[in-house]
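A.B. asks: One structure, pasted below without further comment.
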Amino acid sequence: MSGVLVGKTAVITGGSTGIGLATARRFLKEGASVVIAGRRRAELDQAVADLGGDVVAVQADVSKADDLDHLYARVGETRGRIDVLFANASIAQPQGLDAVTEDLVDRHLDINVKGLILTVSKALPLIPDGGSIIVTSSADGVKGGPGRSVYSATKAAGRNFVRSWLQELAGRRIRVNAVSPGYTETPGLANLAGDLKVSEFYGRLAAQMPAGRNIQPDEVAAAVTFLASDDAGGINGIDLAVDGGFAQT
């Protein structure tokens with residue numbers, strides 16, 4: 001692709017690291033102006049420094065309605081519209097069923113479910129007819145796994161939102177799609193290594209992947225960029241797996 005997002009404005013939540021940051025980099029390369037949002041100011045500042053280009057960074061926690069109102073007010077002031085919304089912010093905190101706490105459940109629901117709903121619904125006044133919404137789901141939304149039941153359920157919820165929202169927004173020709181990564185080597189995944197060295201942890205995960213390797217953030221970003229572009233104008237409501245076949249095994 002070359003310049004497929006020229007003239008488009010994109011908003012990326014969870015945009016300061018990992019898949020969100022890689023997607024911001026791709027979007028800029030393809031000509032978009034980009035607004036990234038994240039919870040931590042230091043990471044946002046570092047992302048802006050790394051990205052350069054036409055980037056605005058807004059500190060916002062998607063689980064807080066007031067933060068999202070602030071985000072979209074800034075988007076309205078600086079960009080005026082949202083042609084592409086990448087609702088990417090989420091958390092994953094694995095825990096076995098016998099040790100699941102109320103706080104863990106609430107946190108996943110607040111960010112991965114409520115936060116996703118509010119991220120999309122509050123953006124709608126800024127999205128013109130013909131816009132594109134992309135939601136980050138996960139291979140776990142289909143596959144699940146030990147210690148991942150709460151996280152997996154929230155990702156399955158996100159996939160189902162896509163099915164409903166595309167119908168609600170059909171009259172405005174707004175496309176709504178999901179992207180589902182497999183194990184992707186991001187800071188968020190590295191934080192789950194626990195007592196293992198990150199390289200060892202990644203190696204154990206890669207052994208579960210059909211190709212024997214994990215996914216890289218830019219591979220997911222490439223898929224998101226395609227879904228955001230007019231080249232994907234006929235694609236609506238899909239769950240695009242970027243998981244090396246993980247969910248199929």
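We name chains A, B, ... following the order of the structure tokens; residues begin at 1 in each chain, and ligands are numbered from 1 as shown.
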Give the strand (DSSP E) residues of range 44-161 of chain A, as DSSP finds them on the backbone, and put them as an MDAnalysis selection string.
C.D. replies: chainID A and resid 55:59 84:87 132:136
A.B. asks: Just asking: which residues within range 187-249 of chain A are alpha helix (DSSP H) according to DSSP, as a list in words?
C.D. replies: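 Reading the DSSP output for range 187-249 of chain A, alpha helix (DSSP H) covers Pro187, Gly188, Leu189, Ala190, Val198, Ser199, Glu200, Phe201, Tyr202, Gly203, Arg204, Leu205, Ala206, Pro217, Asp218, Glu219, Val220, Ala221, Ala222, Ala223, Val224, Thr225, Phe226, Leu227 and Ala228 of chain A.
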A.B. asks: So that I can check the surroundings of Ile19 in chain A, please list as a PDB file with all heavy atoms, in the first residue's frame every protein, DNA and RNA residue that reaches within 7 Å of it, counting only C-alpha atoms and ignoring chain neighbours fewer than 6 positions away.
C.D. replies:
ATOM      1  N   PRO A 217       3.989  -6.782  16.205  1.00  0.00           N
ATOM      2  CA  PRO A 217       2.981  -5.716  16.170  1.00  0.00           C
ATOM      3  C   PRO A 217       2.730  -5.145  14.783  1.00  0.00           C
ATOM      4  O   PRO A 217       1.582  -4.834  14.433  1.00  0.00           O
ATOM      5  CB  PRO A 217       3.560  -4.651  17.109  1.00  0.00           C
ATOM      6  CG  PRO A 217       4.393  -5.424  18.070  1.00  0.00           C
ATOM      7  CD  PRO A 217       4.991  -6.547  17.265  1.00  0.00           C
ATOM      8  N   VAL A 220       0.101  -6.989  12.736  1.00  0.00           N
ATOM      9  CA  VAL A 220      -1.276  -6.626  13.075  1.00  0.00           C
ATOM     10  C   VAL A 220      -1.596  -5.251  12.503  1.00  0.00           C
ATOM     11  O   VAL A 220      -2.675  -5.021  11.937  1.00  0.00           O
ATOM     12  CB  VAL A 220      -1.490  -6.648  14.590  1.00  0.00           C
ATOM     13  CG1 VAL A 220      -2.956  -6.365  14.916  1.00  0.00           C
ATOM     14  CG2 VAL A 220      -1.062  -7.981  15.189  1.00  0.00           C
ATOM     15  N   ALA A 221      -0.655  -4.330  12.620  1.00  0.00           N
ATOM     16  CA  ALA A 221      -0.862  -2.973  12.102  1.00  0.00           C
ATOM     17  C   ALA A 221      -1.142  -2.984  10.604  1.00  0.00           C
ATOM     18  O   ALA A 221      -1.963  -2.195  10.115  1.00  0.00           O
ATOM     19  CB  ALA A 221       0.362  -2.113  12.406  1.00  0.00           C
TER      20      ALA A 221
END
A.B. asks: Residues of range 132-234 of chain A that approach range 74-88 of chain A to 6 Å or less, counting only C-alpha atoms: could you list each one with the shortest pair of atoms and its distance in Å to one decimal, rows by chain and increasing residue number, as a Markdown table?
C.D. replies:
| residue | atom | partner | partner_atom | distance |
| --- | --- | --- | --- | --- |
| A:Ser132 | CA | A:Val84 | CA | 4.9 |
| A:Ile133 | CA | A:Leu85 | CA | 4.8 |
| A:Ile134 | CA | A:Phe86 | CA | 4.8 |
| A:Val135 | CA | A:Ala87 | CA | 4.9 |
| A:Thr136 | CA | A:Asn88 | CA | 5.0 |
A.B. asks: I'd like the neighbourhood of Asp61 in chain A as a list of chain:residue names, where a residue qualifies if any of its atoms comes within 12 Å (using only C-alpha atoms), though same-chain residues fewer than 5 positions away should be ignored.
C.D. replies: A:Thr13, A:Gly14, A:Gly15, A:Ile36, A:Ala37, A:Gly38, A:Arg39, A:Arg40, A:Arg41, A:Asp66, A:Asp67, A:Leu68, A:Asp69, A:His70, A:Leu71, A:Ala89, A:Ser90, A:Ile91, A:Arg107, A:Asp110, A:Ile111, A:Asn112, A:Lys114, A:Gly115, A:Leu116, A:Leu118, A:Thr119
A.B. asks: Which residue, A:Gly145, A:Gly212, A:Pro128, A:Gly52, has the smallest gap to Lys8 in chain A when you use only C-alpha atoms?
C.D. replies: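 Smallest distance to Lys8 in chain A is found for A:Pro128.
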A.B. asks: Taking only C-alpha atoms into account, name the residue in A:Glu168, A:Pro94, A:Gly7, A:Arg175 that is nearest to Ala193 in chain A.
C.D. replies: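 When distances to Ala193 in chain A are compared using only C-alpha atoms, the smallest one comes from A:Pro94.
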A.B. asks: Can you pull out the residues contacting Val35 in chain A? Cut-off 6 Å, using only C-alpha atoms, and skip same-chain residues under 5 positions away; I want them as a PDB file with C-alpha atoms, in the first residue's frame.
C.D. replies:
ATOM      1  CA  VAL A  11      -7.952   7.960  16.353  1.00  0.00           C
ATOM      2  CA  VAL A  55       0.357  13.259  15.789  1.00  0.00           C
ATOM      3  CA  VAL A  56      -1.702  14.534  18.706  1.00  0.00           C
ATOM      4  CA  ALA A  57      -1.528  12.612  21.998  1.00  0.00           C
TER       5      ALA A  57
END
A.B. asks: Which residue gives the smallest distance to Met209 in chain A among A:Thr184, A:Thr17, A:Ser137, A:Asn160, with only C-alpha atoms counted?
C.D. replies: A:Thr184
A.B. asks: Residues within 9 Å of range 25-32 of chain A, please, as a list in words. Count only C-alpha atoms; anything in the same chain fewer than 6 positions from it doesn't count.
C.D. replies: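 Residues near the query, excluding close chain neighbours: Met1, Ser2, Gly3, Val4, Leu5, Val6, Gly7, Lys8, Thr9, Ala10, Leu51, Gly53, Asp54, Val55, Asp218, Ala221, Ala222 and Thr225 of chain A.
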A.B. asks: Hey, which of A:Asp129, A:Asp98, A:Glu219, A:Asp106 ends up closest to Pro146 in chain A? Count only C-alpha atoms.
C.D. replies: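 Under the stated criterion, the closest residue is A:Asp98.
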A.B. asks: Neighbours of Ser149 in chain A within 10 Å (only C-alpha atoms; same-chain residues fewer than 3 positions away dropped), as a ChimeraX atom specification?
C.D. replies: /A:94-97,100,140-141,144-146,152-155
A.B. asks: Would you mind reading off the distance between CA of Ala22 in chain A and CA of Leu240 in chain A, one decimal, in Å?
C.D. replies: 17.2 Å
A.B. asks: Go through A:Phe161, A:Val176, A:Leu124, A:Val34 and flag the residue nearest Ala232 in chain A, using only C-alpha atoms for the distances.
C.D. replies: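 That would be A:Val176, the residue with the smallest distance to Ala232 in chain A.
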A.B. asks: A:Gly158, A:Gly18, A:Gly244, A:Gly130: which is nearest Arg173 in chain A, counting only C-alpha atoms?
C.D. replies: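 Nearest to Arg173 in chain A: A:Gly130.
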